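Containing mmCIF, C-alpha atoms: entry.cif.
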```cif
data_upload
loop_
_atom_site.label_atom_id
_atom_site.label_comp_id
_atom_site.auth_asym_id
_atom_site.auth_seq_id
_atom_site.Cartn_x
_atom_site.Cartn_y
_atom_site.Cartn_z
CA SER A 10 -126.72 -49.43 0.85
CA ARG A 11 -125.43 -46.14 2.19
CA GLU A 12 -124.09 -47.92 5.27
CA ALA A 13 -122.26 -50.45 3.12
CA GLU A 14 -120.55 -47.67 1.16
CA ARG A 15 -118.98 -46.08 4.24
CA PRO A 16 -115.22 -46.59 4.58
CA ARG A 17 -114.90 -49.22 7.29
CA THR A 18 -111.48 -48.26 8.58
CA ALA A 19 -110.25 -50.02 11.71
CA MET A 20 -109.88 -46.70 13.54
CA ALA A 21 -113.34 -45.44 12.63
CA MET A 22 -114.96 -48.71 13.57
CA ALA A 23 -113.13 -49.02 16.89
CA TRP A 24 -114.80 -45.95 18.32
CA ARG A 25 -118.17 -47.27 17.15
CA ALA A 26 -117.85 -50.94 18.02
CA ALA A 27 -117.08 -53.23 20.93
CA PRO A 28 -114.71 -52.45 23.82
CA ARG A 29 -112.18 -55.03 22.63
CA ALA A 30 -111.97 -53.36 19.23
CA ALA A 31 -111.25 -49.99 20.79
CA ALA A 32 -108.66 -51.54 23.09
CA ARG A 33 -106.84 -53.25 20.22
CA LEU A 34 -106.79 -50.04 18.24
CA LEU A 35 -105.54 -47.62 20.88
CA LEU A 36 -103.05 -50.09 22.30
CA GLY A 37 -101.94 -51.54 19.01
CA ARG A 38 -101.34 -48.23 17.27
CA ARG A 39 -99.44 -46.67 20.16
CA GLY A 40 -95.95 -47.20 18.77
CA ILE A 41 -96.56 -47.31 15.01
CA ALA A 42 -95.47 -43.74 14.27
CA SER A 43 -92.49 -43.11 16.53
CA CYS A 44 -92.45 -39.40 15.68
CA ILE A 45 -95.71 -38.90 17.61
CA ASP A 46 -95.14 -41.56 20.27
CA LEU A 47 -96.65 -40.30 23.54
CA SER A 48 -93.96 -42.07 25.60
CA THR A 49 -90.92 -40.42 24.02
CA GLY A 50 -88.65 -38.92 26.67
CA LEU A 51 -90.51 -40.40 29.64
CA THR A 52 -89.03 -42.34 32.54
CA GLU A 53 -89.88 -46.01 32.99
CA ASP A 54 -92.28 -45.15 35.81
CA GLN A 55 -94.01 -42.56 33.65
CA LYS A 56 -94.31 -45.02 30.78
CA GLU A 57 -95.88 -47.52 33.14
CA PHE A 58 -98.67 -45.29 34.44
CA GLN A 59 -99.15 -43.88 30.95
CA LYS A 60 -99.78 -47.45 29.79
CA VAL A 61 -102.28 -47.94 32.63
CA ALA A 62 -104.10 -44.75 31.56
CA LEU A 63 -104.07 -45.71 27.87
CA ASP A 64 -105.39 -49.18 28.67
CA PHE A 65 -108.17 -47.66 30.75
CA ALA A 66 -109.01 -45.15 28.01
CA ALA A 67 -109.21 -47.91 25.40
CA LYS A 68 -111.22 -50.41 27.42
CA GLU A 69 -113.39 -48.30 29.69
CA MET A 70 -113.89 -44.98 27.86
CA ALA A 71 -113.48 -45.10 24.07
CA PRO A 72 -116.21 -47.71 23.47
CA TYR A 73 -118.75 -45.60 25.37
CA MET A 74 -117.82 -42.00 24.62
CA ALA A 75 -120.37 -41.66 21.79
CA GLU A 76 -123.17 -43.01 24.00
CA TRP A 77 -122.19 -40.73 26.91
CA ASP A 78 -122.25 -37.81 24.48
CA GLU A 79 -125.56 -38.67 22.83
CA LYS A 80 -127.43 -39.53 26.04
CA GLU A 81 -125.62 -36.93 28.18
CA ILE A 82 -124.52 -39.56 30.70
CA PHE A 83 -122.26 -38.54 33.58
CA PRO A 84 -120.21 -41.78 33.85
CA VAL A 85 -119.84 -41.89 37.62
CA GLU A 86 -118.97 -45.57 37.91
CA THR A 87 -116.35 -45.36 35.17
CA MET A 88 -114.67 -42.47 36.94
CA ARG A 89 -114.72 -44.39 40.22
CA LYS A 90 -112.89 -47.20 38.42
CA ALA A 91 -110.34 -44.62 37.30
CA ALA A 92 -110.01 -43.46 40.90
CA GLN A 93 -109.11 -47.02 41.91
CA LEU A 94 -106.07 -46.58 39.65
CA GLY A 95 -105.13 -43.39 41.50
CA PHE A 96 -106.63 -40.89 39.05
CA GLY A 97 -109.01 -39.18 41.51
CA GLY A 98 -106.31 -37.19 43.30
CA ILE A 99 -103.27 -37.48 41.06
CA TYR A 100 -101.23 -34.61 42.52
CA VAL A 101 -102.72 -34.76 46.00
CA LYS A 102 -100.60 -35.91 48.96
CA PRO A 103 -100.78 -39.64 49.77
CA ASP A 104 -101.68 -39.17 53.45
CA VAL A 105 -105.24 -38.18 52.43
CA GLY A 106 -105.61 -40.72 49.63
CA GLY A 107 -103.85 -38.94 46.77
CA SER A 108 -101.26 -40.41 44.39
CA GLY A 109 -98.62 -37.78 45.13
CA LEU A 110 -97.49 -37.53 41.51
CA SER A 111 -95.93 -34.54 39.78
CA ARG A 112 -97.56 -32.05 37.42
CA LEU A 113 -95.76 -33.67 34.50
CA ASP A 114 -97.02 -37.09 35.55
CA THR A 115 -100.52 -35.60 35.73
CA SER A 116 -100.25 -34.14 32.24
CA ILE A 117 -99.15 -37.51 30.86
CA ILE A 118 -102.12 -39.26 32.49
CA PHE A 119 -104.73 -36.74 31.32
CA GLU A 120 -103.39 -36.83 27.77
CA ALA A 121 -103.66 -40.61 27.75
CA LEU A 122 -107.17 -40.70 29.25
CA SER A 123 -108.38 -38.05 26.81
CA THR A 124 -107.73 -40.36 23.86
CA GLY A 125 -110.68 -42.38 25.20
CA CYS A 126 -113.12 -39.59 26.08
CA THR A 127 -112.03 -35.97 26.19
CA SER A 128 -115.17 -34.66 27.87
CA THR A 129 -115.00 -37.10 30.79
CA THR A 130 -111.27 -36.59 31.23
CA ALA A 131 -111.73 -32.82 31.25
CA TYR A 132 -114.19 -33.11 34.13
CA MET A 133 -111.75 -35.37 35.98
CA SER A 134 -109.08 -32.69 35.53
CA ILE A 135 -111.36 -30.10 37.16
CA HIS A 136 -112.15 -32.51 40.00
CA ASN A 137 -108.42 -33.08 40.56
CA MET A 138 -107.83 -29.32 40.66
CA CYS A 139 -110.48 -28.91 43.37
CA VAL A 140 -109.04 -31.70 45.52
CA TRP A 141 -105.56 -30.20 45.16
CA MET A 142 -106.85 -26.81 46.33
CA ILE A 143 -108.34 -28.35 49.48
CA ASP A 144 -105.19 -30.42 50.07
CA THR A 145 -102.87 -27.45 49.58
CA PHE A 146 -104.75 -24.61 51.26
CA GLY A 147 -106.94 -26.45 53.74
CA ASN A 148 -106.02 -27.12 57.34
CA GLU A 149 -105.51 -30.68 58.60
CA GLU A 150 -109.14 -31.08 59.64
CA GLN A 151 -110.37 -29.92 56.22
CA ARG A 152 -107.90 -32.12 54.35
CA ARG A 153 -108.94 -35.22 56.25
CA ARG A 154 -112.64 -34.38 56.07
CA PHE A 155 -112.84 -33.77 52.33
CA CYS A 156 -109.90 -35.29 50.46
CA PRO A 157 -110.20 -39.07 51.03
CA SER A 158 -113.74 -39.33 49.64
CA LEU A 159 -112.82 -37.04 46.73
CA CYS A 160 -109.65 -38.96 45.87
CA SER A 161 -111.68 -42.19 45.76
CA MET A 162 -114.37 -40.36 43.77
CA GLU A 163 -116.94 -41.56 46.23
CA LYS A 164 -117.73 -37.86 46.05
CA PHE A 165 -117.17 -35.43 43.19
CA ALA A 166 -116.13 -31.77 43.21
CA SER A 167 -116.89 -28.63 41.19
CA TYR A 168 -114.93 -25.39 40.84
CA CYS A 169 -117.06 -22.25 41.20
CA LEU A 170 -115.42 -19.04 40.01
CA THR A 171 -117.26 -17.77 36.90
CA GLU A 172 -120.41 -15.70 37.31
CA PRO A 173 -122.99 -14.44 34.80
CA GLY A 174 -121.42 -10.98 34.94
CA SER A 175 -117.77 -11.90 35.54
CA GLY A 176 -116.08 -14.31 33.19
CA SER A 177 -112.60 -13.19 32.19
CA ASP A 178 -112.82 -10.38 34.76
CA ALA A 179 -112.94 -12.84 37.65
CA ALA A 180 -111.81 -10.28 40.24
CA SER A 181 -115.12 -8.43 39.79
CA LEU A 182 -117.23 -11.35 41.05
CA LEU A 183 -120.27 -10.38 43.14
CA THR A 184 -121.28 -13.51 45.07
CA SER A 185 -121.17 -12.31 48.67
CA ALA A 186 -120.38 -14.13 51.91
CA GLN A 187 -121.33 -12.11 54.97
CA ARG A 188 -119.97 -13.34 58.25
CA LYS A 189 -122.45 -13.87 61.07
CA GLY A 190 -120.80 -15.37 64.13
CA ASP A 191 -119.39 -18.77 63.22
CA THR A 192 -121.04 -18.85 59.80
CA TYR A 193 -121.02 -17.15 56.41
CA VAL A 194 -124.26 -16.35 54.59
CA LEU A 195 -123.79 -16.62 50.83
CA ASN A 196 -125.87 -14.88 48.17
CA GLY A 197 -125.29 -14.83 44.44
CA SER A 198 -124.76 -17.31 41.62
CA LYS A 199 -122.10 -19.02 39.56
CA ALA A 200 -122.38 -19.86 35.85
CA PHE A 201 -121.09 -22.67 33.61
CA ILE A 202 -120.18 -24.95 36.52
CA SER A 203 -118.95 -28.36 35.37
CA GLY A 204 -120.69 -31.10 37.31
CA GLY A 205 -123.06 -28.57 38.88
CA GLY A 206 -126.03 -30.28 40.54
CA ASP A 207 -124.55 -33.77 40.19
CA THR A 208 -121.44 -33.22 42.30
CA ASP A 209 -121.11 -33.20 46.07
CA VAL A 210 -118.48 -30.56 46.93
CA TYR A 211 -118.27 -26.98 45.61
CA VAL A 212 -115.10 -24.90 45.92
CA VAL A 213 -116.57 -21.40 45.77
CA MET A 214 -114.89 -18.02 45.32
CA CYS A 215 -116.96 -15.33 47.02
CA ARG A 216 -116.61 -11.77 48.29
CA THR A 217 -116.04 -11.40 52.02
CA GLY A 218 -114.43 -7.96 51.76
CA GLY A 219 -114.24 -4.90 49.53
CA PRO A 220 -113.92 -4.64 45.73
CA GLY A 221 -111.13 -6.27 43.80
CA PRO A 222 -109.14 -9.48 44.27
CA LYS A 223 -108.19 -8.81 47.90
CA GLY A 224 -111.84 -8.98 48.95
CA ILE A 225 -112.30 -12.56 47.72
CA SER A 226 -112.23 -15.68 49.89
CA CYS A 227 -112.53 -19.40 49.15
CA ILE A 228 -115.23 -21.47 50.87
CA VAL A 229 -116.09 -25.16 50.45
CA LEU A 230 -119.81 -25.99 50.26
CA GLU A 231 -121.49 -29.37 50.33
CA LYS A 232 -124.56 -30.43 48.39
CA GLY A 233 -127.65 -30.35 50.56
CA MET A 234 -126.76 -27.21 52.48
CA PRO A 235 -129.87 -25.02 52.94
CA GLY A 236 -129.94 -22.21 50.39
CA LEU A 237 -127.82 -24.05 47.80
CA SER A 238 -129.64 -24.81 44.54
CA PHE A 239 -128.96 -25.29 40.85
CA GLY A 240 -130.17 -23.99 37.50
CA LYS A 241 -131.30 -26.01 34.51
CA LYS A 242 -128.93 -28.39 32.80
CA GLU A 243 -127.31 -26.49 29.94
CA LYS A 244 -127.43 -27.82 26.37
CA LYS A 245 -123.90 -27.70 24.99
CA VAL A 246 -122.09 -28.25 21.70
CA GLY A 247 -119.69 -30.69 23.37
CA TRP A 248 -118.63 -31.81 26.84
CA ASN A 249 -121.93 -33.68 27.06
CA SER A 250 -120.70 -36.44 29.39
CA GLN A 251 -120.55 -33.87 32.18
CA PRO A 252 -123.52 -31.75 33.29
CA THR A 253 -123.20 -27.96 33.38
CA ARG A 254 -125.51 -25.84 35.53
CA ALA A 255 -125.66 -22.53 37.37
CA VAL A 256 -124.98 -22.82 41.10
CA ILE A 257 -127.23 -20.53 43.14
CA PHE A 258 -126.83 -19.26 46.72
CA GLU A 259 -129.86 -17.82 48.52
CA ASP A 260 -129.04 -17.07 52.15
CA CYS A 261 -126.89 -20.19 52.10
CA VAL A 262 -125.38 -20.72 55.56
CA VAL A 263 -121.88 -22.23 55.67
CA PRO A 264 -119.65 -22.76 58.72
CA VAL A 265 -116.58 -20.53 58.95
CA GLY A 266 -114.65 -23.77 59.32
CA ASN A 267 -115.28 -24.45 55.62
CA ARG A 268 -113.16 -21.49 54.51
CA LEU A 269 -109.85 -22.42 52.86
CA GLY A 270 -107.00 -20.20 53.99
CA ALA A 271 -107.47 -16.71 55.34
CA GLU A 272 -110.09 -14.15 54.35
CA GLY A 273 -108.92 -12.34 51.23
CA GLN A 274 -106.76 -15.24 50.04
CA GLY A 275 -109.39 -16.66 47.71
CA PHE A 276 -108.32 -14.99 44.49
CA SER A 277 -104.74 -16.16 44.96
CA ILE A 278 -106.00 -19.70 45.63
CA ALA A 279 -108.16 -19.54 42.51
CA MET A 280 -105.32 -18.38 40.29
CA GLN A 281 -102.87 -20.96 41.63
CA GLY A 282 -105.46 -23.62 40.96
CA LEU A 283 -105.91 -22.34 37.42
CA ASN A 284 -102.19 -22.53 36.63
CA GLY A 285 -102.45 -26.28 37.03
CA GLY A 286 -105.90 -26.31 35.45
CA ARG A 287 -104.46 -24.76 32.30
CA ILE A 288 -101.87 -27.52 32.04
CA ASN A 289 -104.57 -30.12 32.67
CA ILE A 290 -106.95 -28.85 30.00
CA ALA A 291 -104.11 -28.44 27.50
CA SER A 292 -103.20 -32.07 28.19
CA CYS A 293 -106.77 -33.12 27.44
CA SER A 294 -106.47 -31.30 24.11
CA LEU A 295 -103.28 -33.22 23.35
CA GLY A 296 -105.07 -36.54 23.83
CA ALA A 297 -107.90 -35.55 21.51
CA ALA A 298 -105.44 -34.36 18.88
CA HIS A 299 -103.35 -37.53 19.15
CA ALA A 300 -106.42 -39.71 18.64
CA SER A 301 -107.52 -37.52 15.71
CA VAL A 302 -104.13 -37.85 13.98
CA LEU A 303 -104.44 -41.63 14.24
CA LEU A 304 -107.99 -41.49 12.89
CA ALA A 305 -106.85 -39.37 9.94
CA GLN A 306 -103.84 -41.60 9.31
CA GLU A 307 -106.04 -44.69 9.14
CA HIS A 308 -108.69 -43.01 7.00
CA LEU A 309 -106.16 -41.76 4.43
CA THR A 310 -104.69 -45.24 4.15
CA VAL A 311 -107.99 -47.05 3.54
CA ARG A 312 -110.23 -44.53 1.76
CA LYS A 313 -109.88 -44.48 -2.03
CA GLN A 314 -110.74 -41.66 -4.44
CA PHE A 315 -109.91 -41.43 -8.16
CA GLY A 316 -108.67 -45.02 -8.00
CA GLU A 317 -106.01 -44.48 -5.34
CA PRO A 318 -105.84 -44.27 -1.54
CA LEU A 319 -106.05 -40.74 -0.21
CA ALA A 320 -102.64 -41.39 1.37
CA SER A 321 -101.05 -41.15 -2.09
CA ASN A 322 -102.14 -37.51 -2.40
CA GLN A 323 -99.13 -35.31 -1.63
CA TYR A 324 -101.25 -32.42 -0.38
CA LEU A 325 -102.87 -34.67 2.22
CA GLN A 326 -99.49 -36.15 3.11
CA PHE A 327 -98.18 -32.65 3.81
CA ARG A 328 -101.21 -31.75 5.92
CA LEU A 329 -100.83 -34.93 7.96
CA ALA A 330 -97.16 -34.12 8.49
CA GLU A 331 -98.08 -30.62 9.66
CA MET A 332 -100.67 -32.04 12.08
CA ALA A 333 -98.11 -34.41 13.58
CA THR A 334 -95.53 -31.64 13.89
CA ARG A 335 -97.94 -29.28 15.62
CA LEU A 336 -99.01 -32.07 17.98
CA VAL A 337 -95.45 -32.80 19.08
CA ALA A 338 -94.64 -29.09 19.46
CA ALA A 339 -97.71 -28.58 21.64
CA ARG A 340 -96.88 -31.64 23.74
CA LEU A 341 -93.35 -30.41 24.38
CA MET A 342 -94.63 -26.97 25.39
CA VAL A 343 -97.18 -28.43 27.80
CA ARG A 344 -94.66 -30.75 29.41
CA ASN A 345 -92.16 -27.92 29.77
CA ALA A 346 -94.76 -25.79 31.55
CA ALA A 347 -95.72 -28.72 33.79
CA ARG A 348 -92.11 -29.08 34.90
CA ALA A 349 -91.86 -25.35 35.59
CA LEU A 350 -95.00 -25.45 37.72
CA GLN A 351 -93.78 -28.49 39.66
CA GLU A 352 -90.45 -26.77 40.35
CA GLY A 353 -92.16 -23.55 41.47
CA ARG A 354 -90.24 -21.48 38.94
CA GLU A 355 -90.89 -17.76 38.72
CA ASP A 356 -91.95 -18.04 35.08
CA ALA A 357 -94.33 -20.96 35.71
CA ALA A 358 -97.58 -18.98 35.50
CA VAL A 359 -96.75 -17.39 32.16
CA LEU A 360 -95.44 -20.69 30.76
CA CYS A 361 -98.73 -22.34 31.77
CA SER A 362 -100.60 -19.58 29.94
CA MET A 363 -98.42 -19.98 26.85
CA ALA A 364 -98.89 -23.75 26.87
CA LYS A 365 -102.65 -23.48 27.30
CA LEU A 366 -102.89 -20.91 24.49
CA PHE A 367 -100.71 -22.81 22.05
CA ALA A 368 -101.89 -26.35 22.77
CA THR A 369 -105.63 -25.66 22.78
CA ASP A 370 -105.44 -23.58 19.58
CA GLU A 371 -103.19 -26.03 17.75
CA CYS A 372 -105.00 -29.16 18.91
CA PHE A 373 -108.37 -27.80 17.86
CA GLY A 374 -106.87 -27.10 14.45
CA ILE A 375 -105.50 -30.65 14.28
CA CYS A 376 -108.86 -32.22 15.15
CA ASN A 377 -110.68 -29.96 12.71
CA GLN A 378 -108.24 -30.85 9.93
CA ALA A 379 -108.71 -34.54 10.71
CA LEU A 380 -112.46 -34.05 10.29
CA GLN A 381 -111.86 -32.32 6.95
CA MET A 382 -109.77 -35.25 5.78
CA HIS A 383 -112.73 -37.54 6.45
CA GLY A 384 -114.86 -35.51 4.05
CA GLY A 385 -118.59 -35.89 4.56
CA TYR A 386 -118.08 -38.89 6.81
CA GLY A 387 -116.28 -36.72 9.34
CA TYR A 388 -119.47 -34.74 9.86
CA LEU A 389 -121.46 -37.83 10.83
CA LYS A 390 -121.86 -38.72 14.48
CA ASP A 391 -120.99 -42.33 13.65
CA TYR A 392 -117.39 -41.14 13.37
CA ALA A 393 -115.44 -40.18 16.48
CA VAL A 394 -113.48 -37.34 14.90
CA GLN A 395 -116.45 -34.94 15.04
CA GLN A 396 -116.83 -35.56 18.78
CA PHE A 397 -113.20 -34.71 19.41
CA VAL A 398 -113.74 -31.45 17.51
CA ARG A 399 -116.84 -30.59 19.55
CA ASP A 400 -115.34 -31.58 22.87
CA ILE A 401 -112.12 -29.59 22.63
CA ARG A 402 -113.55 -26.40 21.13
CA VAL A 403 -114.42 -25.12 24.61
CA HIS A 404 -110.82 -25.60 25.78
CA GLN A 405 -109.98 -22.34 24.03
CA ILE A 406 -112.49 -20.60 26.32
CA LEU A 407 -112.38 -22.13 29.79
CA GLU A 408 -109.63 -21.97 32.45
CA GLY A 409 -109.07 -18.45 31.15
CA THR A 410 -109.87 -17.60 27.53
CA ASN A 411 -107.03 -17.70 25.04
CA GLU A 412 -107.39 -13.94 24.68
CA VAL A 413 -106.63 -13.62 28.40
CA MET A 414 -103.67 -15.99 27.95
CA ARG A 415 -102.29 -13.56 25.36
CA MET A 416 -102.73 -10.69 27.83
CA ILE A 417 -100.80 -12.60 30.52
CA VAL A 418 -97.92 -13.39 28.16
CA ALA A 419 -97.77 -9.82 26.79
CA ARG A 420 -97.84 -8.33 30.31
CA ASN A 421 -94.94 -10.54 31.30
CA LEU A 422 -92.93 -9.47 28.25
CA LEU A 423 -93.58 -5.76 28.70
CA GLN A 424 -93.56 -5.35 32.47
CA GLY A 425 -89.82 -4.66 32.61
#
```
Translate this structure into C-alpha cells?
Amino acid sequence: SREAERPRTAMAMAWRAAPRAAARLLLGRRGIASCIDLSTGLTEDQKEFQKVALDFAAKEMAPYMAEWDEKEIFPVETMRKAAQLGFGGIYVKPDVGGSGLSRLDTSIIFEALSTGCTSTTAYMSIHNMCVWMIDTFGNEEQRRRFCPSLCSMEKFASYCLTEPGSGSDAASLLTSAQRKGDTYVLNGSKAFISGGGDTDVYVVMCRTGGPGPKGISCIVLEKGMPGLSFGKKEKKVGWNSQPTRAVIFEDCVVPVGNRLGAEGQGFSIAMQGLNGGRINIASCSLGAAHASVLLAQEHLTVRKQFGEPLASNQYLQFRLAEMATRLVAARLMVRNAARALQEGREDAAVLCSMAKLFATDECFGICNQALQMHGGYGYLKDYAVQQFVRDIRVHQILEGTNEVMRMIVARNLLQG
C-alpha cells in the first residue's frame, strides 16, 4: 500500500506517534551531532533549565502539535503546565510570580520549547513580552494586580499594536483614547492580534495626544470590558495553535489607572517590548530549524534511492552541512543580541534587529531545505517538517518585518 511504502524513519514517526516516541527522539538525539548541540557554551544552570524545556517539548508538545494545527486548538492546559515550570513569566521579577531569568536564559528556553511546537511557543513568547511590559512599566498596584495570574497562565495576554492601516508604520496608529475624568474612552481597532478573543488581558497602544510617536500611550484592557469586541477568527497558513482576530474598541471605557507609564510613553514601551520580542521570535525559529535539521538527518540516513541511502549523495551531504552551519551561526547571533539586551548596551536594539533578520531568514531556509530533502513526503501533513515551514514563515513578518530590520541596521550604520 501507499502507506506501507512511506519511509518510516524514527524522526518522522516520532512527530506522528505516541508521546513516548517523541520524547525518546528529542531527548535521545540531543547530543548526537555535537556541532549543533544546543547546550554548547551554556552554564550548568542554563543546561538544566534547557533540559527541562526540551523534556517538556518532547513529552507535552511534539506529540500533539499536528493535532493542534489541524484542529486549530489553543492548548491552554498545556501552557499552564509550562507555567508551572516557570515559563509563564520567564524574565519577570520573582516578587510577582516571575522566574527572574535573563534574556539569554529566555532565548534558550524558547528555542528548546519550539522544537516541540513552534506555533504554541511563539504565542508563549508574546505572552511573556506582555507580562514583562506590565512588570517593567507598571506601578506596584498594576504589577500585583496583573502579573501573578499572567505568570501562572491562569490568564493569558495579547499585544495590541498593529492596525489595519498601520503595520510597519506603527507610529501612525489611529486607535484613540480620549480622557474623560478618571477614564479613557477607546475607539478604533487592532489587526492580527495573537490570542485575540481567547485571551484575558490586552496591552494596547493607543493615541492620547497628537500625531506621531509622542502622542501614543499604553493602556491595559481586560476581556469583558464594555465596548471591547473581536473580529472573526482568521484562517492562517501556520500558527494554527493560536487564534488570531481583530480587536475592536467601540466607546470602550477603561480606568486611567490601567495606563502603563505616563501619557506619551506608549511608543517607547512598545519598542522596548519589541526588542525582546525580536529575540524571542528568532529563538522560536532556531528551535524549528534545529528540529528540521534532525528530521533531515534521519531521513537522509534511512531513505534509499538508486540502491543507496540518500546520505551517500555528496550534494545532499553538502546541503546538510550548510544547514547545520547556518543554524549555529544564527544561534550565536541571537544569543549575542540577548546578552546585549540584558546588559542594556547602547547597540542592543540594532543587534536585536540584526539577529531577528538573520535568524528568521536563515531558519526558514533551513526548514524549507529540510522539506525539499524529504521529496514528496515532505509536502504531506503526516510529516512534521512541513508544519515547521508553515509555522516559521510568519516570523519574517511579525515583530517588525525583516525589511524594517534592514532599515534599522542601515540607519545605525549611516547615522554618523
Open item on the list: As a check of understanding, name the residues that the PyMOL selection byres ((chain A and resi 390-400) around 9) selects in the supplied structure, as JSON, numbers by chain.
Closed with: {"A": [21, 22, 24, 25, 74, 75, 78, 126, 127, 128, 246, 247, 248, 249, 294, 297, 298, 300, 301, 304, 305, 373, 374, 375, 376, 377, 379, 380, 383, 386, 387, 388, 389, 401, 402, 403, 404]}
Open item on the list: Residue by residue, what does the PyMOL selection byres ((chain A and resi 343) around 8) grab here? Present the result as a PyMOL selection string.
Closed with: chain A and resi 116+288+291-292+339-342+344-347+361+364-365+368
- [ ] Kindly indicate which residue among A:Leu63, A:Ile225, A:Cys160, A:Met382 lies nearest to Val105 of chain A, using all atoms listed in the file for the distances.
- [x]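 Smallest distance to Val105 of chain A is found for A:Cys160.
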Open item on the list: Given the point (-109.2, -30.9, 50.7) in the file's coordinates, find the residues that have an atom at most 9 Å from it, counting all atoms listed in the file, and give them as a PyMOL selection string.
Closed with: chain A and resi 101+105+139-157+159+229+269
Using only C-alpha atoms, determine which residues lie at most 12 Å from Lys164 of chain A, disregarding the query and same-chain residues fewer than 3 positions distant; provide the list as an mmCIF file with C-alpha atoms, in the frame of the given file.
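Okay, around.cif is ready:
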```
data_model
loop_
_atom_site.group_PDB
_atom_site.id
_atom_site.type_symbol
_atom_site.label_atom_id
_atom_site.label_comp_id
_atom_site.auth_asym_id
_atom_site.auth_seq_id
_atom_site.Cartn_x
_atom_site.Cartn_y
_atom_site.Cartn_z
ATOM 1 C CA VAL A 85 -119.840 -41.890 37.620
ATOM 2 C CA GLU A 86 -118.970 -45.570 37.910
ATOM 3 C CA MET A 88 -114.670 -42.470 36.940
ATOM 4 C CA ARG A 89 -114.720 -44.390 40.220
ATOM 5 C CA ALA A 92 -110.010 -43.460 40.900
ATOM 6 C CA GLY A 97 -109.010 -39.180 41.510
ATOM 7 C CA GLY A 98 -106.310 -37.190 43.300
ATOM 8 C CA MET A 133 -111.750 -35.370 35.980
ATOM 9 C CA HIS A 136 -112.150 -32.510 40.000
ATOM 10 C CA ASN A 137 -108.420 -33.080 40.560
ATOM 11 C CA CYS A 139 -110.480 -28.910 43.370
ATOM 12 C CA VAL A 140 -109.040 -31.700 45.520
ATOM 13 C CA ARG A 154 -112.640 -34.380 56.070
ATOM 14 C CA PHE A 155 -112.840 -33.770 52.330
ATOM 15 C CA CYS A 156 -109.900 -35.290 50.460
ATOM 16 C CA PRO A 157 -110.200 -39.070 51.030
ATOM 17 C CA SER A 158 -113.740 -39.330 49.640
ATOM 18 C CA LEU A 159 -112.820 -37.040 46.730
ATOM 19 C CA CYS A 160 -109.650 -38.960 45.870
ATOM 20 C CA SER A 161 -111.680 -42.190 45.760
ATOM 21 C CA SER A 167 -116.890 -28.630 41.190
ATOM 22 C CA GLY A 204 -120.690 -31.100 37.310
ATOM 23 C CA ASP A 207 -124.550 -33.770 40.190
ATOM 24 C CA THR A 208 -121.440 -33.220 42.300
ATOM 25 C CA ASP A 209 -121.110 -33.200 46.070
ATOM 26 C CA VAL A 210 -118.480 -30.560 46.930
ATOM 27 C CA TYR A 211 -118.270 -26.980 45.610
ATOM 28 C CA GLU A 231 -121.490 -29.370 50.330
ATOM 29 C CA LYS A 232 -124.560 -30.430 48.390
#
```
Open item on the list: Which residues, named as in the file, does the PyMOL selection byres ((chain A and resi 82) around 10) pick out? Answer as number ranges by chain.
Closed with: A: 73-74, 76-81, 83-85, 129, 249-252
